[in-house]
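Below is the file target26.cif, which contains mmCIF, C-alpha atoms.
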data_data
#
loop_
_atom_site.label_atom_id
_atom_site.label_comp_id
_atom_site.auth_asym_id
_atom_site.auth_seq_id
_atom_site.Cartn_x
_atom_site.Cartn_y
_atom_site.Cartn_z
CA MET S 1 0.00 0.00 0.00
CA SER S 2 1.57 3.29 -1.11
CA SER S 3 2.31 5.90 1.56
CA ASN S 4 0.81 8.48 -0.79
CA TRP S 5 -2.43 6.52 -1.08
CA LYS S 6 -5.47 8.54 0.02
CA LYS S 7 -9.18 8.29 -0.53
CA ASP S 8 -12.25 10.46 -0.19
CA TYR S 9 -13.89 8.27 2.43
CA PRO S 10 -17.68 8.11 2.68
CA SER S 11 -19.09 10.20 5.49
CA TYR S 12 -21.56 8.30 7.66
CA GLN S 13 -22.97 10.54 10.36
CA GLU S 14 -24.45 8.66 13.32
CA LEU S 15 -24.67 5.42 11.34
CA SER S 16 -27.14 2.82 12.64
CA GLU S 17 -27.69 -0.82 11.78
CA ASP S 18 -31.32 -0.18 10.79
CA GLU S 19 -30.24 2.34 8.16
CA LEU S 20 -28.09 -0.22 6.36
CA ASP S 21 -29.53 -2.34 3.58
CA GLU S 22 -29.46 -6.11 4.08
CA ASN S 23 -27.19 -6.28 1.03
CA HIS S 24 -24.66 -3.82 2.53
CA SER S 25 -21.23 -5.19 3.41
CA LEU S 26 -21.07 -3.14 6.64
CA LYS S 27 -24.26 -4.74 7.93
CA LYS S 28 -23.03 -8.23 7.13
CA MET S 29 -19.62 -7.60 8.77
CA PHE S 30 -21.28 -5.94 11.76
CA ARG S 31 -23.31 -9.08 12.42
CA LEU S 32 -20.24 -11.30 12.06
CA VAL S 33 -18.23 -9.21 14.53
CA GLY S 34 -20.78 -9.59 17.32
CA GLU S 35 -21.31 -7.62 20.54
CA ASN S 36 -18.97 -6.53 23.34
CA LYS S 37 -15.83 -7.45 21.39
CA ARG S 38 -12.38 -5.95 21.46
CA VAL S 39 -11.80 -5.10 17.80
CA ILE S 40 -8.83 -4.07 15.68
CA ASP S 41 -10.14 -2.32 12.55
CA PHE S 42 -7.51 -2.29 9.80
CA GLY S 43 -8.18 0.58 7.39
CA CYS S 44 -10.67 2.19 9.75
CA ALA S 45 -10.94 5.32 7.53
CA THR S 46 -12.97 8.01 9.33
CA GLY S 47 -14.21 5.50 11.91
CA TYR S 48 -17.72 5.07 10.52
CA PHE S 49 -17.65 1.32 11.14
CA ALA S 50 -16.07 1.83 14.57
CA GLN S 51 -18.87 4.15 15.68
CA LEU S 52 -21.37 1.47 14.61
CA LEU S 53 -19.48 -1.19 16.62
CA THR S 54 -19.29 0.97 19.74
CA LYS S 55 -23.11 1.04 19.82
CA LYS S 56 -22.94 -2.73 20.45
CA GLY S 57 -20.47 -2.37 23.29
CA CYS S 58 -17.33 -3.03 21.25
CA GLN S 59 -13.95 -1.44 22.02
CA VAL S 60 -12.23 -0.48 18.77
CA THR S 61 -8.61 0.22 17.90
CA GLY S 62 -8.07 1.59 14.41
CA VAL S 63 -5.18 1.41 11.94
CA GLU S 64 -5.29 3.93 9.09
CA ILE S 65 -2.81 5.19 6.46
CA ASN S 66 -4.58 8.51 5.91
CA GLN S 67 -3.70 10.96 8.69
CA ASP S 68 -6.73 13.21 8.06
CA ALA S 69 -9.12 10.28 8.18
CA ALA S 70 -7.38 8.90 11.28
CA LYS S 71 -7.89 12.22 13.05
CA ILE S 72 -11.66 11.96 12.50
CA ALA S 73 -11.70 8.30 13.55
CA GLU S 74 -10.21 9.13 16.95
CA GLN S 75 -13.63 10.23 18.21
CA TYR S 76 -14.96 6.66 17.72
CA CYS S 77 -11.85 4.58 18.48
CA GLU S 78 -9.97 4.11 21.74
CA GLN S 79 -6.76 4.44 19.73
CA VAL S 80 -5.93 5.14 16.07
CA ILE S 81 -2.51 4.17 14.72
CA VAL S 82 -1.36 5.86 11.50
CA ALA S 83 0.59 3.23 9.58
CA ASP S 84 1.15 1.68 6.16
CA LEU S 85 0.53 -2.05 6.58
CA ASP S 86 2.97 -2.86 3.78
CA PHE S 87 5.87 -1.37 5.75
CA VAL S 88 5.20 -2.06 9.43
CA SER S 89 5.26 -5.04 11.75
CA LEU S 90 1.92 -5.52 13.45
CA THR S 91 3.50 -7.16 16.45
CA GLU S 92 5.61 -4.03 16.92
CA VAL S 93 2.97 -1.30 16.43
CA LEU S 94 0.43 -3.29 18.46
CA ALA S 95 2.86 -4.88 20.90
CA GLY S 96 1.23 -6.51 23.88
CA GLN S 97 -2.34 -6.00 22.60
CA LYS S 98 -4.87 -8.77 22.03
CA PHE S 99 -8.19 -8.60 20.21
CA ASP S 100 -11.28 -10.71 19.81
CA VAL S 101 -11.84 -9.68 16.20
CA ALA S 102 -9.62 -8.32 13.42
CA VAL S 103 -11.55 -6.47 10.71
CA PHE S 104 -10.31 -6.00 7.14
CA GLY S 105 -13.06 -4.04 5.38
CA ASP S 106 -11.97 -3.93 1.71
CA ILE S 107 -8.31 -3.73 2.75
CA LEU S 108 -6.54 -6.96 1.83
CA GLU S 109 -6.80 -6.26 -1.92
CA HIS S 110 -4.80 -3.03 -1.40
CA LEU S 111 -1.82 -4.79 0.16
CA ARG S 112 1.33 -6.00 -1.51
CA ASN S 113 1.49 -9.05 0.75
CA PRO S 114 -1.90 -9.80 2.35
CA TRP S 115 -0.64 -13.29 3.31
CA LYS S 116 2.00 -11.73 5.60
CA ILE S 117 -0.52 -9.41 7.28
CA LEU S 118 -2.93 -12.26 7.94
CA GLU S 119 -0.12 -14.39 9.37
CA GLU S 120 0.94 -11.56 11.70
CA THR S 121 -2.68 -11.08 12.76
CA HIS S 122 -2.52 -14.54 14.38
CA HIS S 123 -0.40 -13.03 17.15
CA LEU S 124 -2.95 -10.29 17.83
CA LEU S 125 -5.96 -12.56 18.33
CA ASN S 126 -7.18 -14.11 21.53
CA PRO S 127 -7.45 -17.93 21.51
CA ASP S 128 -11.08 -17.74 20.42
CA GLY S 129 -10.54 -14.71 18.18
CA TYR S 130 -11.26 -14.50 14.46
CA VAL S 131 -10.96 -12.36 11.32
CA VAL S 132 -13.86 -10.63 9.57
CA ALA S 133 -13.12 -9.35 6.06
CA SER S 134 -14.82 -8.04 2.95
CA ILE S 135 -13.08 -8.59 -0.40
CA PRO S 136 -14.25 -7.60 -3.93
CA ASN S 137 -15.00 -10.38 -6.43
CA ILE S 138 -12.93 -10.01 -9.60
CA ALA S 139 -15.05 -12.75 -11.22
CA HIS S 140 -18.17 -10.56 -11.27
CA GLY S 141 -20.06 -10.99 -14.55
CA ALA S 142 -19.49 -7.37 -15.61
CA ILE S 143 -15.71 -7.88 -15.31
CA ARG S 144 -15.92 -11.09 -17.36
CA LEU S 145 -17.86 -9.38 -20.15
CA SER S 146 -15.47 -6.43 -20.10
CA LEU S 147 -12.49 -8.79 -20.43
CA LEU S 148 -14.15 -10.47 -23.42
CA GLN S 149 -14.00 -7.05 -25.09
CA GLY S 150 -10.33 -6.74 -24.19
CA HIS S 151 -10.96 -4.11 -21.50
CA PHE S 152 -9.44 -3.92 -18.02
CA GLU S 153 -9.73 -0.26 -17.11
CA TYR S 154 -9.13 0.98 -13.59
CA THR S 155 -11.64 3.29 -11.93
CA GLU S 156 -11.74 5.55 -8.87
CA LEU S 157 -13.94 3.14 -6.93
CA GLY S 158 -15.34 -0.36 -7.23
CA ILE S 159 -13.89 -3.72 -8.14
CA LEU S 160 -11.32 -2.18 -10.51
CA ASP S 161 -10.29 0.49 -7.98
CA SER S 162 -7.01 2.00 -9.17
CA THR S 163 -5.41 1.30 -5.76
CA HIS S 164 -6.15 -2.44 -5.83
CA LEU S 165 -2.97 -4.51 -6.01
CA ARG S 166 -4.58 -7.93 -5.63
CA PHE S 167 -7.67 -9.47 -7.19
CA PHE S 168 -9.59 -12.40 -5.72
CA THR S 169 -12.25 -14.95 -6.60
CA ARG S 170 -14.01 -17.23 -4.10
CA LYS S 171 -11.41 -19.94 -4.73
CA THR S 172 -8.40 -17.65 -4.29
CA ILE S 173 -9.93 -16.12 -1.13
CA VAL S 174 -10.18 -19.58 0.40
CA ASP S 175 -6.59 -20.22 -0.71
CA LEU S 176 -5.46 -16.86 0.78
CA PHE S 177 -6.81 -17.67 4.24
CA GLU S 178 -5.80 -21.33 4.26
CA ARG S 179 -2.22 -20.48 3.22
CA SER S 180 -2.16 -17.84 5.96
CA GLY S 181 -3.18 -20.37 8.61
CA TYR S 182 -6.94 -19.89 8.84
CA SER S 183 -10.04 -22.00 8.47
CA ILE S 184 -13.02 -20.22 6.96
CA GLY S 185 -16.12 -20.62 9.08
CA LYS S 186 -18.53 -18.58 6.98
CA ILE S 187 -18.64 -16.97 3.54
CA ASP S 188 -21.40 -14.50 2.75
CA CYS S 189 -21.64 -12.02 -0.11
CA THR S 190 -23.21 -8.84 -1.40
CA LYS S 191 -25.00 -8.93 -4.75
CA VAL S 192 -25.05 -6.53 -7.70
CA PRO S 193 -26.70 -7.64 -10.99
CA VAL S 194 -24.33 -8.20 -13.90
CA LEU S 195 -25.75 -5.44 -16.11
CA SER S 196 -26.07 -2.80 -13.37
CA ASP S 197 -25.19 0.68 -14.59
CA ILE S 198 -23.22 1.90 -11.55
CA PRO S 199 -19.75 3.51 -11.23
CA LEU S 200 -18.50 0.54 -9.19
CA LEU S 201 -18.63 -1.74 -12.27
CA PRO S 202 -17.55 -1.40 -15.92
CA HIS S 203 -20.31 -0.15 -18.19
CA ILE S 204 -21.61 -3.04 -20.30
CA ASP S 205 -23.69 -2.56 -23.44
CA LYS S 206 -25.73 -5.76 -23.60
CA ASN S 207 -26.35 -5.18 -27.32
CA GLU S 208 -22.68 -5.99 -27.96
CA PHE S 209 -23.13 -9.55 -26.67
CA SER S 210 -25.36 -12.43 -27.62
CA ILE S 211 -28.30 -13.17 -25.34
CA GLU S 212 -27.02 -16.73 -24.96
CA LEU S 213 -23.64 -15.54 -23.65
CA ILE S 214 -25.19 -13.09 -21.18
CA ASN S 215 -27.61 -15.75 -19.95
CA LYS S 216 -24.77 -18.25 -19.53
CA ILE S 217 -22.73 -15.81 -17.44
CA GLU S 218 -25.73 -14.74 -15.36
CA GLN S 219 -26.46 -18.38 -14.53
CA ASP S 220 -23.11 -18.68 -12.75
CA ALA S 221 -23.66 -18.57 -8.98
CA GLU S 222 -20.88 -15.99 -8.46
CA ALA S 223 -21.63 -13.78 -11.48
CA ASP S 224 -23.58 -11.22 -9.44
CA THR S 225 -21.38 -11.43 -6.32
CA PHE S 226 -19.85 -8.00 -5.71
CA GLN S 227 -18.05 -8.68 -2.41
CA PHE S 228 -17.31 -11.75 -0.33
CA ILE S 229 -17.81 -11.38 3.43
CA ILE S 230 -15.67 -13.84 5.40
CA ARG S 231 -15.29 -14.96 8.99
CA ALA S 232 -12.10 -17.02 9.45
CA PHE S 233 -10.52 -18.68 12.49
CA PRO S 234 -6.82 -19.38 13.11
CA LEU S 235 -5.76 -23.01 12.69
CA SER S 236 -5.25 -23.47 16.42
CA ILE S 237 -7.22 -25.98 18.42
CA GLU S 238 -9.45 -23.16 19.63
CA GLY S 239 -9.70 -21.74 16.14
CA LYS S 240 -10.47 -25.09 14.58
CA TYR S 241 -13.11 -25.68 17.23
CA ALA S 242 -14.60 -22.24 16.62
CA ALA S 243 -14.53 -22.80 12.85
CA LEU S 244 -16.13 -26.21 13.22
CA ASN S 245 -18.68 -24.78 15.64
CA GLU S 246 -19.38 -22.00 13.14
CA GLN S 247 -19.78 -24.50 10.33
CA TYR S 248 -21.94 -26.71 12.55
CA SER S 249 -24.16 -23.75 13.48
CA GLN S 250 -24.35 -22.75 9.85
CA LEU S 251 -25.21 -26.29 8.77
CA ARG S 252 -27.75 -26.58 11.58
CA ASN S 253 -29.36 -23.32 10.51
CA GLN S 254 -29.39 -24.57 6.94
CA LEU S 255 -30.90 -27.86 8.16
CA GLU S 256 -33.59 -26.05 10.16
CA GLN S 257 -34.26 -23.82 7.20
CA SER S 258 -34.40 -26.85 4.92
CA GLN S 259 -36.73 -28.65 7.33
CA SER S 260 -38.92 -25.58 7.52
CA GLN S 261 -38.91 -25.36 3.73
CA LEU S 262 -39.63 -29.10 3.58
CA GLN S 263 -42.61 -28.72 5.92
CA HIS S 264 -43.79 -25.76 3.90
CA THR S 265 -43.26 -27.74 0.70
CA GLN S 266 -45.13 -30.73 2.14
CA ALA S 267 -48.00 -28.46 3.17
CA GLU S 268 -48.00 -26.97 -0.32
CA LEU S 269 -47.84 -30.51 -1.76
CA GLU S 270 -50.85 -31.61 0.31
CA GLN S 271 -52.67 -28.48 -0.74
CA SER S 272 -51.66 -29.12 -4.34
CA GLN S 273 -52.86 -32.73 -4.11
CA SER S 274 -56.17 -31.54 -2.65
CA GLN S 275 -56.43 -28.98 -5.42
CA LEU S 276 -55.48 -31.70 -7.91
CA GLN S 277 -58.28 -33.97 -6.67
CA HIS S 278 -60.70 -31.07 -6.81
CA THR S 279 -59.41 -30.22 -10.27
CA GLN S 280 -59.77 -33.84 -11.40
CA ALA S 281 -63.37 -33.87 -10.12
CA GLU S 282 -64.01 -30.64 -11.97
CA LEU S 283 -62.30 -32.14 -15.02
CA GLU S 284 -64.55 -35.21 -14.92
CA GLN S 285 -67.58 -32.97 -14.52
CA SER S 286 -66.32 -30.81 -17.36
CA GLN S 287 -65.77 -33.89 -19.53
CA SER S 288 -69.34 -35.06 -18.78
CA GLN S 289 -70.63 -31.60 -19.60
CA LEU S 290 -68.47 -31.64 -22.71
CA GLN S 291 -69.96 -34.95 -23.86
CA HIS S 292 -73.46 -33.61 -23.19
CA THR S 293 -72.57 -30.43 -25.02
CA GLN S 294 -71.14 -32.43 -27.93
CA ALA S 295 -74.40 -34.43 -28.13
CA GLU S 296 -76.37 -31.20 -28.09
CA LEU S 297 -73.98 -29.81 -30.67
CA GLU S 298 -74.51 -32.82 -32.95
CA GLN S 299 -78.27 -32.44 -32.52
CA SER S 300 -77.98 -28.74 -33.22
CA GLN S 301 -75.85 -29.46 -36.29
CA SER S 302 -78.50 -31.94 -37.51
CA GLN S 303 -81.20 -29.35 -36.92
CA LEU S 304 -79.02 -26.80 -38.61
CA GLN S 305 -78.59 -29.03 -41.66
CA HIS S 306 -82.37 -29.56 -41.75
CA SER S 307 -82.91 -25.84 -41.37
CA GLN S 308 -80.37 -25.16 -44.10
CA ALA S 309 -82.22 -27.60 -46.40
CA GLU S 310 -85.51 -25.86 -45.59
CA LEU S 311 -83.82 -22.54 -46.08
CA GLU S 312 -82.52 -23.61 -49.49
CA ARG S 313 -86.00 -24.84 -50.41
CA SER S 314 -87.52 -21.60 -49.16
CA GLN S 315 -84.92 -19.63 -51.09
CA SER S 316 -85.82 -21.64 -54.22
CA GLN S 317 -89.51 -20.96 -53.62
CA LEU S 318 -88.69 -17.37 -52.94
CA GLN S 319 -86.78 -17.12 -56.21
CA HIS S 320 -89.75 -18.73 -58.02
CA SER S 321 -92.15 -16.38 -56.24
CA GLN S 322 -89.93 -13.45 -57.10
CA ALA S 323 -89.98 -14.55 -60.75
CA GLU S 324 -93.78 -14.85 -60.64
CA LEU S 325 -93.95 -11.52 -58.85
CA GLU S 326 -91.82 -9.93 -61.53
CA GLN S 327 -94.08 -11.49 -64.20
CA SER S 328 -97.18 -10.31 -62.32
CA GLN S 329 -95.67 -6.87 -61.95
CA SER S 330 -94.98 -6.86 -65.70
CA GLN S 331 -98.55 -7.94 -66.39
CA LEU S 332 -99.80 -5.39 -63.91
CA GLN S 333 -97.83 -2.68 -65.65
CA HIS S 334 -99.30 -3.84 -68.98
CA SER S 335 -102.81 -3.94 -67.46
CA GLN S 336 -102.28 -0.52 -65.95
CA ALA S 337 -101.26 0.75 -69.37
CA GLU S 338 -104.36 -0.83 -70.92
CA LEU S 339 -106.46 0.51 -68.06
CA GLU S 340 -105.09 3.97 -68.61
CA GLN S 341 -105.86 3.60 -72.34
CA SER S 342 -109.36 2.30 -71.52
CA GLN S 343 -109.88 5.13 -69.08
CA SER S 344 -108.80 7.54 -71.78
CA GLN S 345 -111.20 5.93 -74.26
CA LEU S 346 -113.91 5.90 -71.60
CA GLN S 347 -113.37 9.57 -70.98
CA HIS S 348 -113.60 10.17 -74.74
CA SER S 349 -116.74 7.97 -74.95
CA GLN S 350 -118.25 9.78 -71.99
CA ALA S 351 -117.52 13.04 -73.71
CA GLU S 352 -119.17 11.76 -76.91
CA LEU S 353 -122.05 10.34 -74.82
CA GLU S 354 -122.53 13.65 -73.15
CA GLN S 355 -122.49 15.31 -76.57
CA SER S 356 -124.97 12.68 -77.92
CA GLN S 357 -127.20 13.15 -74.87
CA SER S 358 -127.06 16.85 -75.45
CA GLN S 359 -127.95 16.35 -79.09
CA LEU S 360 -130.68 13.85 -78.08
CA GLN S 361 -132.14 16.34 -75.69
CA HIS S 362 -132.04 18.93 -78.42
CA SER S 363 -133.66 16.46 -80.90
CA GLN S 364 -136.29 15.51 -78.33
CA ALA S 365 -137.03 19.14 -77.84
CA GLU S 366 -137.36 19.62 -81.57
CA LEU S 367 -139.49 16.42 -81.75
CA GLU S 368 -141.82 17.72 -79.09
CA GLN S 369 -142.04 20.92 -80.94
CA LEU S 370 -142.85 19.06 -84.19
CA LYS S 371 -145.42 16.94 -82.40
CA ALA S 372 -147.02 20.03 -81.14
CA THR S 373 -146.95 21.51 -84.57
CA ILE S 374 -148.48 18.35 -86.07
CA THR S 375 -151.13 18.23 -83.43
CA ALA S 376 -151.95 21.79 -84.18
CA MET S 377 -152.08 21.10 -87.84
CA GLN S 378 -154.27 18.02 -87.35
CA THR S 379 -156.80 19.99 -85.52
CA SER S 380 -156.84 22.66 -88.17
CA LYS S 381 -159.50 22.85 -90.99
CA PHE S 382 -156.82 22.55 -93.58
CA TRP S 383 -155.65 19.26 -92.14
CA LYS S 384 -159.19 17.91 -92.05
CA LEU S 385 -159.80 18.86 -95.72
CA ARG S 386 -156.49 17.27 -96.64
CA THR S 387 -157.48 14.05 -94.91
CA GLN S 388 -160.84 13.94 -96.74
CA TRP S 389 -159.11 14.57 -100.00
CA LEU S 390 -156.61 11.73 -99.45
CA LYS S 391 -159.45 9.35 -98.68
CA LEU S 392 -161.24 10.35 -101.89
CA LYS S 393 -158.06 9.93 -103.81
CA LYS S 394 -157.58 6.43 -102.44
CA LEU S 395 -161.23 5.55 -103.22
CA SER S 396 -160.92 6.78 -106.74
CA ARG S 397 -157.88 4.58 -107.27
CA MET S 398 -159.69 1.55 -106.05
CA VAL S 399 -162.62 2.19 -108.47
CA LYS S 400 -160.24 2.37 -111.33
CA GLU S 401 -158.69 -0.95 -110.46
CA TYR S 402 -162.07 -2.70 -110.61
#

Could you take the file, read its structure, and then write that structure out as structure tokens?
Amino acid sequence: MSSNWKKDYPSYQELSEDELDENHSLKKMFRLVGENKRVIDFGCATGYFAQLLTKKGCQVTGVEINQDAAKIAEQYCEQVIVADLDFVSLTEVLAGQKFDVAVFGDILEHLRNPWKILEETHHLLNPDGYVVASIPNIAHGAIRLSLLQGHFEYTELGILDSTHLRFFTRKTIVDLFERSGYSIGKIDCTKVPVLSDIPLLPHIDKNEFSIELINKIEQDAEADTFQFIIRAFPLSIEGKYAALNEQYSQLRNQLEQSQSQLQHTQAELEQSQSQLQHTQAELEQSQSQLQHTQAELEQSQSQLQHSQAELERSQSQLQHSQAELEQSQSQLQHSQAELEQSQSQLQHSQAELEQSQSQLQHSQAELEQLKATITAMQTSKFWKLRTQWLKLKKLSRMVKEY
């Protein structure tokens, strides 16, 4: 770790456990440290983690390279030692001191020789002491995709922090602690999705990769692991016992959780079986209804065919009736034309009749007048003499014939 190395540390004012997200490394480390512990916090920064630990009754000693940050951390720590871990001996700067817990919060990856520091930490721990550490995961999916593009670009913060000297995966973390004389009791992690657009990860344009490749990487169990959170015990009898006890507790918790899940699964299975039986009964009822419906459908189809035949017959009759109607309409039009002609002739005949009647009336009037004239003449003396003369003339003719 360079003596010129400095950071703008995050400022946590009056930090509390409740304010931390369940996925936050500080919350996970805080729970692994425990309560009422004597703690050595390597890389304590401004003491924000120390002030959180003191709320649980812990006594904290800090080690920090940044003098300004160390000055702030003094208000939360019993003692703050300004030192570069790459160039000091822990047994010298912390001579005679023993601790229950040694904390390395994102520190080991900044060291030239983290193996040496972990080995020296053995001498600082009480017989039942342990190490709690958080370490970034270089095998995060975003790093893998970036490497496939030929990129390995350092950043101010995050997994590719420009001050990181070492890079670790789960396997190499286990190797780091085992080679340094520790047995890992617990490994937890924080999660960040592979394609998250945050400054702590390389920016990945998913359109530059096939969906199959992205899916394959995302399916890896460690692809979204951002940090590993470790609790490790020295390989002493006490440490081995503590590690085994930790593993036993962890396995027991997993067993209880599995049993609880099994009971829940069995309850769900029984419920599913009950639902299945109910569903099967409904299915049988539905099948019966379906058969009945199919029978009704066949009957309806038969009736439909009969109706269609009747409809076709009716349509044929309708067409015939329409043809007859058209013929009748044609005849009607012809009859109407003849009727109109007859009406015209009738009107003409009526006019002639009226004229004839008028003439008849006039003739009758003249006839009456003639009759009157004749009657007058017959009653006259002249008419009587004429009649006598005609009779004499007729008698004379008869005499001549004899």

- Message: Need the shell around Ala139 of chain S: protein/DNA/RNA residues with any atom at most 7 Å away, counting only C-alpha atoms. Skip same-chain ones fewer than 3 positions apart. Format as a PyMOL selection string?
- Response: chain S and resi 143-144+169+223

- Item | Neighbour list for Ile65 of chain S as a PyMOL selection string, cut-off 6 Å, only C-alpha atoms, skip fewer than 3 positions in-chain | chain S and resi 82-84

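Across the model, the gap from atom CA of Glu35 of chain S to atom CA of Gly47 of chain S is 17.2 Å.
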
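From atom CA of Ala102 of chain S back to atom CA of Ser180 of chain S, the distance works out to 14.2 Å.
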
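Each of S:Glu340, S:Gln280, S:Leu90, S:Pro114 was checked against Arg179 of chain S using all atoms listed in the file; the smallest atom-to-atom distance is that of S:Pro114.
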
- Item | Computed interatomic separation between atom CA of Gly43 of chain S and atom CA of Asp197 of chain S (Å) | 27.8 Å

- Query: Leaving out Ile138 of chain S and any residue of its chain fewer than 5 positions from it, which residues lie within 12 Å of it when counting all atoms listed in the file, given as a ChimeraX atom specification?
  - Reply: /S:109,143-147,152,158-161,164-173,200-202,222-228

- Taking the file above as input, evaluate the PyMOL selection byres ((chain S and resi 64) around 12) and report the hits as a PyMOL selection string. chain S and resi 1+3+5-7+9+40-47+61-63+65-74+77+79-86+104-105+107

- Message: My list of candidates is S:Ala50, S:Leu360, S:Leu346, S:Val33. Which is closest to Val101 of chain S when distances are computed with all atoms listed in the file?
- Response: S:Val33
